[in-house]
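This report refers to the structure that appears directly beneath it.
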Amino acid sequence: MSASNEINLNESKMVVPLNTWVLISSFKLAYNLLRRPDGTFNRHLAEFLDRRVPANVNPVGGVFSFDVLIDRATGLLSRVYRPAIGEEPQPNFFDLERPVTAEVVPVIIFFHGGSFAHSSANSAIYDHLCRILVGTCKAVVVSVNYRRAPENRYPCAYDDGWTALKWVNSRSWLKSRKDSKVHVYLAGDSSGGNIAHHVALRAVESGIDILGNILLNPMFGGQERTESEKRLDGKYFVTLRDRDWYWKAFLPDGTDRDHPACNPFGPKGRSLEGIQFPKSLVVVAGLDLIQDWQLAYVEGLKKADQEVKLLYMEQATIGFYLLPNNDHFHVVMDEISKFVSSDC
Amino acid sequence: MVLYDSATLAGSSSGSSSSSSSKPPPLQPEQRQDIDGHLAGAGYKVRSSELRKVAQRLERLETAMVNSPADLSQLASDTIHYNPSDLASWVDSLLSEFPLTPTCPAEFVTDPVTNQTVVNDAWTTTETNMLLVPQNVSYEQQNLNNQLTVVTAMEEDSGIRLVHMLMTCAECVQCGDFSLATSFLEDMQGLLTRVNTVCGIGKVAGHFIDALSRRIFQGIGGGSINGGSAYENEILYHHFYEACPYLKFAHFTANQAILEAFDGHDCVHVVDFNLMHGLQWPALIQALALRPGGPPLLRLTGIGPPSPDGRDSLREVGLRLAELARSVNVRFAFRGVAASRLEDVKPWMLQVNPKESVAVNSIMQLHRLLGSDPNRNAPIETVLNWIRSLNPKIMTVVEQEANHNQPGFLYRFTEALHYYSTMFDSLEACTVQPNKALAEIYIQREITNVVSCEGSARVERHEPLAKWRIRLTGAGFRPLHLGSNAYKQASMLLTLFSAEGYSVEENDGYLTLGWHSRPLIAASAWQAVSDAPSEFPVPDTHRLS
């Protein structure tokens with residue numbers, strides 16, 4: 001047992017930089033302590049261990065941020081990231097929601113990852129990522145602090161995403177000059193990618209325009225054990241067992257992984273044929289054990305004649321985008337930037 | 001002794017800063033301790049040189065956990081975790097929870113990079129101590145977020161609580177966390193209702209709370225405070241003059257120095273950088289009238305803001321002074337120079353005659369010339385230059401003895417809190433109303449400017465005399481010592497006030513007036529050095545000679 005484990009550890013060390021390995025391994029270690037076998041979650045310890053940063057209205061690296069309470073009833077907070085305007089040292093309270101001035105300003109609604117249970121909008125890794133997105137895409141980013149499992153199961157996260165979307169869409173200060181509309185993109189990594197898909201679905205059904213979906217290592221699954229899951233189980237930081245645990249924590253009691261939330265194009269899913277679904281950019285890491293599900297998702301979109309671009313990063317593991325210290329990161333940021341700017 | 005730029009110190013927060021005098025510019029904390037920058041961005045402090053070791057320990061921990069799952073759930077539920085940012089020590093503390101048996105394969109780990117066998121040695125605590133970097137502000141912020149009740153059982157005094165809250169709120173503002181700052185503002189308003197706001201900390205705290213609110217909600221552009229009319233400012237100034245001895249001290253001390261400098265000269269010209277009501281000059285005119293050998297011809301050029309309503313207030317003051325001079329037989333000529341900003345004044349406007357002896361008098365004006373933009377030449381340099389070109393017999397400088405021009409907001413805020421608490425304290429000793437109330441408003445405007453303004457709106461850029469010395473000597477001036485006459489004058493002035501707390505001190509040729517042991521106003525005198533200055537000092541050099 002320990003021998004194969006050592007092999008696994010060594011393998012994963014060969015494909016990521018040392019500091020990335022330390023980071024993701026620390027997460028793995030912490031997460032192992034947080035998931036209880038009975039399906040409950042040590043939330044207090046999770047909050048204690050999570051590294052967080054406050055919002056900062058002082059521009060740092062050309063980006064400033066502030067938190068907004070979007071829905072009082074559920075306590076839904078979001079962190080808004082905006083590009084700093086020129087050389088101004090510190091905006092005042094009313095500058096924060098100053099109308100955007102450019103002809104076209106992409107607004108990216110971002111759903112952080114964490115397998116539906118971990119992290120928050122103000123987690124350091126996600127604050128960092130959102131700031132980079134602002135710079136790369138010249139966008140306003142709204143990072144949604146959605147309710148997490150297992151305390152809040154399906155469909156809470158989707159509901160929160162939907163609430164955030166409605167809020168963003170109705171902000172006059174986010175409207176692009178060109179057409180007086182908010183140019184919305186949905187983005188997310190891991191569970192956040194899953195949320196982005198489902199919020200887009202609801203948007204389409206309600207007539208809100210989404211210009212594009214950006215799914216980074218989106219979290220999908222199913223009852224069946226796929227080839228990639230068997231091949232890569234435990235090899236690169238992630239085990240099937242923990243994947244199962246998170247789905248069990250998120251999906252309604254008594255359902256299985258073919259629930260459409262988990263498996264949108266599976267036996268209980270539905271085709272998107274004839275639906276005006278937004279174009280999608282899907283990033284799949286070649287060393288992610290759930291890649292077969294992610295690739296199936298892409299296939300499902302293609303079969304329904306939806307516009308989708310697949311970015312398959314062969315040597316990438318989960319979390320490669322958390323630290324900007326590898327080529328995959330820069331390739332992906334480039335693609336995201338192109339994806340978002342092609343609507344000008 | 002070297003004075004560090006406190007803003008840098010606050011940012012670097014190194015617990016072991018030494019005071020060697022030839023230190024290069026301070027490194028970022030990450031650089032100094034070789035902390036991995038990427039992990040720092042993710043909220044973890046790990047030294048780059050320790051990454052490998054941490055990785056090994058993580059591996060060992062994983063192996064140990066895999067081997068004993070029972071221990072794992074105990075580990076999860078019972079262990080108390082500390083300081084997760086310090087990854088190395090966190091991992092070590094978890095490791096220590098697992099009994100290390102001799103058969104545990106993790107004891108001998110092959111370092112995959114060097115292929116050397118690394119023996120498991122007991123980790124020393126010294127390393128982890130070095131990694132316990134004094135938290136930078138954002139981590140403190142996290143702590144604050146986690147423990148929102150700032151009040152501890154020990155803080156019985158609401159006043160102390162108020163001060164702590166003020167500091168914390170200011171820290172939030174510096175970090176840009178407006179939502180937390182606002183909640184502190186609310187708490188403080190609540191606390192204020194339980195504190196005596198008629199005097200002491202409650203009163204000054206109220207002003208600072210207002211200034212912070214202004215900064216957050218109205219921004220740093222100044223707005224209505226700086227836009228107070230010249231007329232209003234004069235009234236407030238006058239009341240401040242009457243209510244406490246600071247301005248009087250400034251005037252008397254400067255006059256004494258000017259009088260001595262003009263000894264033996266028949267044509268003298270005083271340039272006043274801020275005429276106001278000319279309160280300083282009747283005393284000088286009378287002293288000149290009485291000097292042995294008779295009075296000189298006195299010219300006075302008064303600089304002041306233009307009057308908006310068609311009045312020429314400068315001229316009016318000049319006329320009154322002329323009237324006084326005539327009554328004591330002093331030949332007197334007055335000229336007013338209207339300028340909204342001191343830097344707009346050009347030397348030719350002063351019409352200095354090469355034959356006359358010039359005294360330049362600046363009462364709390366020079367600090368307004370200190371620019372906010374480090375990339376542009378501050379107006380102070382231009383002005384000091386042309387003052388030198390006038391070759392004045394004396395330049396009298398009085399400034400607030402305070403460090404209110406540091407770029408770091410929290411530092412400035414703290415300094416101002418202490419300074420103005422002391423000043424308000426001293427005002428308590430004054431019993432004359434309504435002077436006191438309006439004097440307080442005068443002070444309040446200063447506070448508001450220091451706390452809530454930035455950039456060109458922030459004109460109250462007080463610096464301590466130590467800094468002015470460097471600046472002035474660098475600009476080609478040398479100090480003229482204020483003698484015992486000046487000291488005597490100042491002391492006599494104080495006997496007119498029944499308050500016991502005021503103190504005059506002489507230091508190295510200059511005088512300060514303070515409340516108890518804290519100097520609040522510093523007066524000094526200068527003369528232009530005849531040869532050219534060697535070099536302008538870089539503004540950030542803090543070196544006491």
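Labels used: A, B, ... for chains in the order of the structure tokens, numbers from 1 for residues in each chain, and numbers from 1 for ligands as shown.
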Could you list, as a VMD selection string, the residues of chain A having an atom within 7 Å of chain B when counting only C-alpha atoms?
chain A and resid 2 19 22 33 to 34 49 51 to 58 91 to 93 124 to 125 128 323
Go ahead and save the residues from that selection, with N, CA and C atoms, as a PDB file, in the first residue's frame.
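Output contents, as saved in part.pdb:
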ATOM      1  N   SER A   2       1.839   1.236   0.910  1.00  0.00           N
ATOM      2  CA  SER A   2       2.679   2.422   0.988  1.00  0.00           C
ATOM      3  C   SER A   2       3.588   2.532  -0.228  1.00  0.00           C
ATOM      4  N   ASN A  19       6.665  24.156  -5.770  1.00  0.00           N
ATOM      5  CA  ASN A  19       5.766  24.927  -4.906  1.00  0.00           C
ATOM      6  C   ASN A  19       4.297  24.590  -5.193  1.00  0.00           C
ATOM      7  N   VAL A  22       3.641  21.398  -3.325  1.00  0.00           N
ATOM      8  CA  VAL A  22       3.453  21.651  -1.901  1.00  0.00           C
ATOM      9  C   VAL A  22       2.054  22.217  -1.647  1.00  0.00           C
ATOM     10  N   LEU A  33      -8.568  15.837   6.264  1.00  0.00           N
ATOM     11  CA  LEU A  33      -8.948  16.010   7.656  1.00  0.00           C
ATOM     12  C   LEU A  33     -10.370  16.531   7.791  1.00  0.00           C
ATOM     13  N   LEU A  34     -10.852  17.192   6.732  1.00  0.00           N
ATOM     14  CA  LEU A  34     -12.145  17.850   6.850  1.00  0.00           C
ATOM     15  C   LEU A  34     -13.321  16.949   6.498  1.00  0.00           C
ATOM     16  N   LEU A  49      -8.568  26.907   8.459  1.00  0.00           N
ATOM     17  CA  LEU A  49      -7.399  26.617   7.646  1.00  0.00           C
ATOM     18  C   LEU A  49      -7.359  27.404   6.345  1.00  0.00           C
ATOM     19  N   ARG A  51      -6.917  30.084   3.724  1.00  0.00           N
ATOM     20  CA  ARG A  51      -6.188  31.352   3.700  1.00  0.00           C
ATOM     21  C   ARG A  51      -7.027  32.344   2.940  1.00  0.00           C
ATOM     22  N   ARG A  52      -7.318  33.475   3.598  1.00  0.00           N
ATOM     23  CA  ARG A  52      -8.223  34.451   3.001  1.00  0.00           C
ATOM     24  C   ARG A  52      -7.562  35.814   2.903  1.00  0.00           C
ATOM     25  N   VAL A  53      -8.093  36.635   2.016  1.00  0.00           N
ATOM     26  CA  VAL A  53      -7.643  38.020   1.939  1.00  0.00           C
ATOM     27  C   VAL A  53      -8.864  38.941   1.909  1.00  0.00           C
ATOM     28  N   PRO A  54      -8.742  40.089   2.536  1.00  0.00           N
ATOM     29  CA  PRO A  54      -9.875  41.014   2.503  1.00  0.00           C
ATOM     30  C   PRO A  54      -9.938  41.735   1.163  1.00  0.00           C
ATOM     31  N   ALA A  55     -11.070  42.331   0.883  1.00  0.00           N
ATOM     32  CA  ALA A  55     -11.187  43.171  -0.304  1.00  0.00           C
ATOM     33  C   ALA A  55     -10.319  44.403  -0.084  1.00  0.00           C
ATOM     34  N   ASN A  56      -9.959  45.035  -1.169  1.00  0.00           N
ATOM     35  CA  ASN A  56      -9.069  46.182  -1.059  1.00  0.00           C
ATOM     36  C   ASN A  56      -9.417  47.247  -2.078  1.00  0.00           C
ATOM     37  N   VAL A  57      -9.929  48.370  -1.586  1.00  0.00           N
ATOM     38  CA  VAL A  57     -10.274  49.426  -2.535  1.00  0.00           C
ATOM     39  C   VAL A  57      -9.029  50.166  -3.032  1.00  0.00           C
ATOM     40  N   ASN A  58      -7.887  49.927  -2.399  1.00  0.00           N
ATOM     41  CA  ASN A  58      -6.659  50.510  -2.940  1.00  0.00           C
ATOM     42  C   ASN A  58      -6.211  49.670  -4.121  1.00  0.00           C
ATOM     43  N   PRO A  91     -10.215  55.125  -4.369  1.00  0.00           N
ATOM     44  CA  PRO A  91     -11.578  55.585  -4.666  1.00  0.00           C
ATOM     45  C   PRO A  91     -12.352  55.771  -3.376  1.00  0.00           C
ATOM     46  N   ASN A  92     -13.359  56.631  -3.408  1.00  0.00           N
ATOM     47  CA  ASN A  92     -14.216  56.704  -2.235  1.00  0.00           C
ATOM     48  C   ASN A  92     -15.401  55.771  -2.435  1.00  0.00           C
ATOM     49  N   PHE A  93     -16.230  55.745  -1.412  1.00  0.00           N
ATOM     50  CA  PHE A  93     -17.326  54.804  -1.376  1.00  0.00           C
ATOM     51  C   PHE A  93     -18.168  54.813  -2.645  1.00  0.00           C
ATOM     52  N   ALA A 124      -7.572  33.189  -0.715  1.00  0.00           N
ATOM     53  CA  ALA A 124      -6.427  33.849  -1.352  1.00  0.00           C
ATOM     54  C   ALA A 124      -6.199  33.361  -2.782  1.00  0.00           C
ATOM     55  N   ILE A 125      -6.296  32.045  -2.987  1.00  0.00           N
ATOM     56  CA  ILE A 125      -6.018  31.532  -4.336  1.00  0.00           C
ATOM     57  C   ILE A 125      -7.019  32.069  -5.343  1.00  0.00           C
ATOM     58  N   HIS A 128      -6.611  35.878  -5.978  1.00  0.00           N
ATOM     59  CA  HIS A 128      -5.474  36.024  -6.881  1.00  0.00           C
ATOM     60  C   HIS A 128      -5.883  35.765  -8.330  1.00  0.00           C
ATOM     61  N   LEU A 323      -1.425  28.727  -9.556  1.00  0.00           N
ATOM     62  CA  LEU A 323      -0.189  29.505  -9.478  1.00  0.00           C
ATOM     63  C   LEU A 323       0.300  29.798 -10.882  1.00  0.00           C
TER      64      LEU A 323
END
For Ile363 (chain B), find every residue with an atom within 9 Å (counting only C-alpha atoms), except residues of its own chain fewer than 3 positions away, and show them as JSON, numbers by chain.
{"B": [247, 250, 251, 254, 272, 273, 274, 366, 396, 397, 398, 399, 523]}
Based on the selection just made, write N, CA and C atoms of those residues as a PDB file, in the first residue's frame.
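part.pdb was written with the following content:
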ATOM      1  N   LEU B 247       0.163  80.464  18.859  1.00  0.00           N
ATOM      2  CA  LEU B 247       0.438  81.491  17.852  1.00  0.00           C
ATOM      3  C   LEU B 247       1.170  82.676  18.468  1.00  0.00           C
ATOM      4  N   ALA B 250       4.665  81.852  18.679  1.00  0.00           N
ATOM      5  CA  ALA B 250       5.280  81.922  17.363  1.00  0.00           C
ATOM      6  C   ALA B 250       5.646  83.362  17.040  1.00  0.00           C
ATOM      7  N   HIS B 251       4.699  84.253  17.255  1.00  0.00           N
ATOM      8  CA  HIS B 251       4.904  85.659  16.908  1.00  0.00           C
ATOM      9  C   HIS B 251       5.990  86.283  17.762  1.00  0.00           C
ATOM     10  N   ALA B 254       9.494  84.885  16.924  1.00  0.00           N
ATOM     11  CA  ALA B 254       9.972  85.358  15.621  1.00  0.00           C
ATOM     12  C   ALA B 254      10.342  86.836  15.694  1.00  0.00           C
ATOM     13  N   ASP B 272       5.932  88.766   5.127  1.00  0.00           N
ATOM     14  CA  ASP B 272       5.114  87.850   5.935  1.00  0.00           C
ATOM     15  C   ASP B 272       4.372  86.892   5.016  1.00  0.00           C
ATOM     16  N   PHE B 273       4.644  85.612   5.157  1.00  0.00           N
ATOM     17  CA  PHE B 273       4.047  84.636   4.250  1.00  0.00           C
ATOM     18  C   PHE B 273       2.542  84.429   4.465  1.00  0.00           C
ATOM     19  N   ASN B 274       2.030  84.918   5.590  1.00  0.00           N
ATOM     20  CA  ASN B 274       0.599  84.745   5.818  1.00  0.00           C
ATOM     21  C   ASN B 274       0.099  85.843   6.733  1.00  0.00           C
ATOM     22  N   LEU B 366       5.361  76.851   5.504  1.00  0.00           N
ATOM     23  CA  LEU B 366       6.259  76.073   4.648  1.00  0.00           C
ATOM     24  C   LEU B 366       5.747  74.653   4.396  1.00  0.00           C
ATOM     25  N   THR B 396      12.532  83.480   9.691  1.00  0.00           N
ATOM     26  CA  THR B 396      11.959  82.867  10.885  1.00  0.00           C
ATOM     27  C   THR B 396      10.940  81.823  10.447  1.00  0.00           C
ATOM     28  N   VAL B 397      11.110  80.631  11.010  1.00  0.00           N
ATOM     29  CA  VAL B 397      10.242  79.522  10.630  1.00  0.00           C
ATOM     30  C   VAL B 397       9.598  78.945  11.879  1.00  0.00           C
ATOM     31  N   VAL B 398       8.285  78.917  11.870  1.00  0.00           N
ATOM     32  CA  VAL B 398       7.578  78.246  12.952  1.00  0.00           C
ATOM     33  C   VAL B 398       6.709  77.164  12.317  1.00  0.00           C
ATOM     34  N   GLU B 399       6.798  75.970  12.839  1.00  0.00           N
ATOM     35  CA  GLU B 399       6.034  74.857  12.266  1.00  0.00           C
ATOM     36  C   GLU B 399       5.486  73.984  13.383  1.00  0.00           C
ATOM     37  N   ALA B 523       9.980  76.750  16.897  1.00  0.00           N
ATOM     38  CA  ALA B 523      10.366  78.001  16.240  1.00  0.00           C
ATOM     39  C   ALA B 523      11.860  77.991  16.010  1.00  0.00           C
TER      40      ALA B 523
END
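Near Lys309 (chain A), within 8 Å and counting only C-alpha atoms, sit Ser280, Leu281, Val282, Glu307 and Leu311 of chain A; same-chain residues fewer than 2 positions away were not included.
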So that I can check the surroundings of Leu174 (chain A), please list as a list in words every protein, DNA and RNA residue that reaches within 7 Å of it, counting only C-alpha atoms and ignoring chain neighbours fewer than 6 positions away.
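After dropping sequence-adjacent residues, the list is Pro99, Val100 and Val182 of chain A.
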Give me a file of those residues, with N, CA, C and O atoms, as a PDB file, in the first residue's frame.
ATOM      1  N   PRO A  99     -20.033  54.014 -13.182  1.00  0.00           N
ATOM      2  CA  PRO A  99     -20.317  53.306 -14.442  1.00  0.00           C
ATOM      3  C   PRO A  99     -19.052  53.029 -15.243  1.00  0.00           C
ATOM      4  O   PRO A  99     -18.129  53.838 -15.261  1.00  0.00           O
ATOM      5  N   VAL A 100     -19.035  51.863 -15.883  1.00  0.00           N
ATOM      6  CA  VAL A 100     -17.893  51.543 -16.737  1.00  0.00           C
ATOM      7  C   VAL A 100     -17.914  52.474 -17.941  1.00  0.00           C
ATOM      8  O   VAL A 100     -18.975  52.895 -18.390  1.00  0.00           O
ATOM      9  N   VAL A 182     -25.352  44.659 -20.192  1.00  0.00           N
ATOM     10  CA  VAL A 182     -24.217  44.088 -19.478  1.00  0.00           C
ATOM     11  C   VAL A 182     -23.734  42.883 -20.277  1.00  0.00           C
ATOM     12  O   VAL A 182     -24.520  41.996 -20.621  1.00  0.00           O
TER      13      VAL A 182
END
Backbone-only DSSP, strand (DSSP E or B) members of region 168-199 of chain A, as a list of chain:residue names
A:Ser176, A:Lys181, A:His183, A:Val184, A:Tyr185, A:Leu186, A:Ala187, A:Gly188, A:Asp189
Atoms to include: N, CA, C and O atoms. Write the selected residues as a PDB file, in the first residue's frame.
ATOM      1  N   SER A 176     -22.267  48.067 -20.884  1.00  0.00           N
ATOM      2  CA  SER A 176     -21.320  48.556 -21.880  1.00  0.00           C
ATOM      3  C   SER A 176     -21.975  49.684 -22.667  1.00  0.00           C
ATOM      4  O   SER A 176     -23.164  49.639 -22.958  1.00  0.00           O
ATOM      5  N   LYS A 181     -26.014  47.299 -22.538  1.00  0.00           N
ATOM      6  CA  LYS A 181     -26.336  46.007 -21.921  1.00  0.00           C
ATOM      7  C   LYS A 181     -25.105  45.541 -21.154  1.00  0.00           C
ATOM      8  O   LYS A 181     -23.982  45.942 -21.451  1.00  0.00           O
ATOM      9  N   HIS A 183     -22.441  42.897 -20.592  1.00  0.00           N
ATOM     10  CA  HIS A 183     -21.865  41.782 -21.370  1.00  0.00           C
ATOM     11  C   HIS A 183     -21.378  40.702 -20.420  1.00  0.00           C
ATOM     12  O   HIS A 183     -20.277  40.750 -19.911  1.00  0.00           O
ATOM     13  N   VAL A 184     -22.218  39.707 -20.199  1.00  0.00           N
ATOM     14  CA  VAL A 184     -21.954  38.715 -19.150  1.00  0.00           C
ATOM     15  C   VAL A 184     -21.279  37.455 -19.668  1.00  0.00           C
ATOM     16  O   VAL A 184     -21.689  36.894 -20.690  1.00  0.00           O
ATOM     17  N   TYR A 185     -20.271  37.029 -18.969  1.00  0.00           N
ATOM     18  CA  TYR A 185     -19.653  35.709 -19.179  1.00  0.00           C
ATOM     19  C   TYR A 185     -19.746  34.965 -17.859  1.00  0.00           C
ATOM     20  O   TYR A 185     -19.677  35.557 -16.779  1.00  0.00           O
ATOM     21  N   LEU A 186     -19.905  33.657 -17.946  1.00  0.00           N
ATOM     22  CA  LEU A 186     -19.898  32.841 -16.738  1.00  0.00           C
ATOM     23  C   LEU A 186     -18.616  32.023 -16.736  1.00  0.00           C
ATOM     24  O   LEU A 186     -18.232  31.477 -17.771  1.00  0.00           O
ATOM     25  N   ALA A 187     -17.969  31.959 -15.598  1.00  0.00           N
ATOM     26  CA  ALA A 187     -16.713  31.225 -15.542  1.00  0.00           C
ATOM     27  C   ALA A 187     -16.611  30.510 -14.206  1.00  0.00           C
ATOM     28  O   ALA A 187     -17.215  30.924 -13.203  1.00  0.00           O
ATOM     29  N   GLY A 188     -15.835  29.437 -14.199  1.00  0.00           N
ATOM     30  CA  GLY A 188     -15.616  28.750 -12.922  1.00  0.00           C
ATOM     31  C   GLY A 188     -14.668  27.599 -13.083  1.00  0.00           C
ATOM     32  O   GLY A 188     -14.507  27.074 -14.196  1.00  0.00           O
ATOM     33  N   ASP A 189     -14.061  27.218 -11.977  1.00  0.00           N
ATOM     34  CA  ASP A 189     -13.180  26.053 -12.021  1.00  0.00           C
ATOM     35  C   ASP A 189     -13.756  24.967 -11.115  1.00  0.00           C
ATOM     36  O   ASP A 189     -14.397  25.272 -10.106  1.00  0.00           O
TER      37      ASP A 189
END
Counting only C-alpha atoms, which of B:Lys488, B:His265, B:His418, B:Lys393 gets nearest to Val529 (chain B)?
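Ranking B:Lys488, B:His265, B:His418, B:Lys393 by distance to Val529 (chain B), first place goes to B:Lys393.
The gap separating CA of Ser68 (chain B) from CA of Phe27 (chain A) is 19.6 Å, in Å to one decimal.
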Separation of CA of Ser119 (chain A) from CA of Val284 (chain A) in Å:
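Rounded to one decimal, the two atoms are 20.9 Å apart.
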Between CA of Asp263 (chain B) and CA of Ser530 (chain B) - distance in Å to one decimal:
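Atom-to-atom, CA of Ser530 (chain B) and CA of Asp263 (chain B) are spaced 20.0 Å apart.
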Looking at only C-alpha atoms, which of B:Asn329, B:Arg161, B:Leu427, B:Ile387 is the one that sits closest to Trp348 (chain B)?
B:Ile387
Report as a CSV table (one decimal) with all heavy atoms, in the first residue's frame all protein, DNA and RNA residues lying within 10 Å of region 70-73 of chain A, evaluated on only C-alpha atoms, omitting residues in the same chain fewer than 3 positions from it.
chain,number,residue,atom,x,y,z
A,67,ASP,N,-16.5,44.2,-1.5
A,67,ASP,CA,-17.5,43.1,-1.3
A,67,ASP,C,-18.9,43.7,-1.3
A,67,ASP,O,-19.1,44.8,-0.8
A,67,ASP,CB,-17.3,42.4,0.0
A,67,ASP,CG,-16.0,41.6,0.0
A,67,ASP,OD1,-15.6,41.2,-1.1
A,67,ASP,OD2,-15.4,41.4,1.0
A,76,LEU,N,-25.9,36.3,0.7
A,76,LEU,CA,-25.0,36.0,-0.5
A,76,LEU,C,-24.1,37.2,-0.8
A,76,LEU,O,-24.6,38.3,-1.1
A,76,LEU,CB,-25.9,35.7,-1.7
A,76,LEU,CG,-25.1,35.5,-3.0
A,76,LEU,CD1,-24.2,34.2,-2.8
A,76,LEU,CD2,-26.0,35.3,-4.2
A,77,LEU,N,-22.8,37.0,-0.6
A,77,LEU,CA,-21.8,38.0,-0.8
A,77,LEU,C,-21.2,37.8,-2.1
A,77,LEU,O,-21.0,36.6,-2.6
A,77,LEU,CB,-20.8,38.0,0.2
A,77,LEU,CG,-21.1,38.7,1.6
A,77,LEU,CD1,-20.0,38.3,2.6
A,77,LEU,CD2,-21.1,40.2,1.4
A,78,SER,N,-20.7,38.8,-2.8
A,78,SER,CA,-19.9,38.7,-3.9
A,78,SER,C,-18.7,39.7,-3.8
A,78,SER,O,-18.9,40.7,-3.3
A,78,SER,CB,-20.6,38.9,-5.2
A,78,SER,OG,-21.4,37.8,-5.5
A,79,ARG,N,-17.6,39.3,-4.4
A,79,ARG,CA,-16.5,40.3,-4.4
A,79,ARG,C,-16.4,40.8,-5.9
A,79,ARG,O,-16.3,40.0,-6.8
A,79,ARG,CB,-15.2,39.6,-4.0
A,79,ARG,CG,-14.0,40.6,-4.0
A,79,ARG,CD,-12.9,40.1,-3.2
A,79,ARG,NE,-13.2,40.1,-1.7
A,79,ARG,CZ,-12.4,39.7,-0.8
A,79,ARG,NH1,-11.2,39.2,-1.1
A,79,ARG,NH2,-12.8,39.8,0.5
A,144,VAL,N,-18.6,35.0,-6.9
A,144,VAL,CA,-19.8,34.7,-6.1
A,144,VAL,C,-19.5,33.8,-4.9
A,144,VAL,O,-18.9,32.7,-5.1
A,144,VAL,CB,-20.9,34.0,-7.0
A,144,VAL,CG1,-22.2,33.8,-6.2
A,144,VAL,CG2,-21.2,34.9,-8.2
A,145,ASN,N,-19.9,34.2,-3.7
A,145,ASN,CA,-19.6,33.4,-2.6
A,145,ASN,C,-20.8,32.5,-2.3
A,145,ASN,O,-21.5,32.6,-1.3
A,145,ASN,CB,-19.4,34.3,-1.4
A,145,ASN,CG,-18.6,33.6,-0.2
A,145,ASN,OD1,-17.7,32.9,-0.5
A,145,ASN,ND2,-19.1,33.9,1.0
A,160,ASP,N,-27.9,30.4,-6.0
A,160,ASP,CA,-27.0,31.6,-5.7
A,160,ASP,C,-26.4,32.1,-7.0
A,160,ASP,O,-26.3,33.4,-7.2
A,160,ASP,CB,-25.9,31.2,-4.7
A,160,ASP,CG,-26.5,31.0,-3.3
A,160,ASP,OD1,-27.7,31.3,-3.1
A,160,ASP,OD2,-25.7,30.5,-2.4
A,163,THR,N,-29.0,34.1,-8.7
A,163,THR,CA,-29.3,35.4,-8.0
A,163,THR,C,-28.2,36.4,-8.4
A,163,THR,O,-28.4,37.5,-8.7
A,163,THR,CB,-29.3,35.2,-6.5
A,163,THR,OG1,-30.2,34.2,-6.1
A,163,THR,CG2,-29.6,36.5,-5.8
A,164,ALA,N,-26.9,35.9,-8.4
A,164,ALA,CA,-25.8,36.7,-8.8
A,164,ALA,C,-26.0,37.2,-10.2
A,164,ALA,O,-25.7,38.4,-10.5
A,164,ALA,CB,-24.5,36.0,-8.6
A,166,LYS,N,-28.7,37.6,-12.0
A,166,LYS,CA,-29.7,38.6,-12.1
A,166,LYS,C,-29.2,39.9,-11.6
A,166,LYS,O,-29.5,41.0,-12.1
A,166,LYS,CB,-31.0,38.2,-11.3
A,166,LYS,CG,-31.8,37.2,-12.0
A,166,LYS,CD,-33.1,36.9,-11.3
A,166,LYS,CE,-32.9,36.2,-10.0
A,166,LYS,NZ,-34.1,35.9,-9.3
A,167,TRP,N,-28.5,39.9,-10.5
A,167,TRP,CA,-27.9,41.1,-9.9
A,167,TRP,C,-27.0,41.8,-10.9
A,167,TRP,O,-27.1,43.0,-11.2
A,167,TRP,CB,-27.2,40.8,-8.6
A,167,TRP,CG,-26.7,42.0,-7.9
A,167,TRP,CD1,-27.4,42.8,-7.0
A,167,TRP,CD2,-25.4,42.5,-8.0
A,167,TRP,NE1,-26.5,43.8,-6.5
A,167,TRP,CE2,-25.3,43.6,-7.1
A,167,TRP,CE3,-24.2,42.1,-8.7
A,167,TRP,CZ2,-24.1,44.4,-6.9
A,167,TRP,CZ3,-23.0,42.9,-8.5
A,167,TRP,CH2,-23.0,44.0,-7.6
A,168,VAL,N,-26.1,41.0,-11.4
A,168,VAL,CA,-25.1,41.6,-12.4
A,168,VAL,C,-25.8,42.2,-13.6
A,168,VAL,O,-25.5,43.3,-14.0
A,168,VAL,CB,-24.1,40.5,-12.8
A,168,VAL,CG1,-23.3,41.0,-14.0
A,168,VAL,CG2,-23.1,40.2,-11.7
In region 335-469 of chain B, DSSP helix (DSSP H, G or I) residues written as a ChimeraX atom specification:
/B:342-344,347-350,366-369,379-389,409-428,435-452,455-457,465-469
Quick one: residues within 9 Å of Gly300 (chain A), only C-alpha atoms counted, chain neighbours fewer than 5 positions away excluded, as number ranges by chain?
A: 264-265, 271-272, 295, 305-306
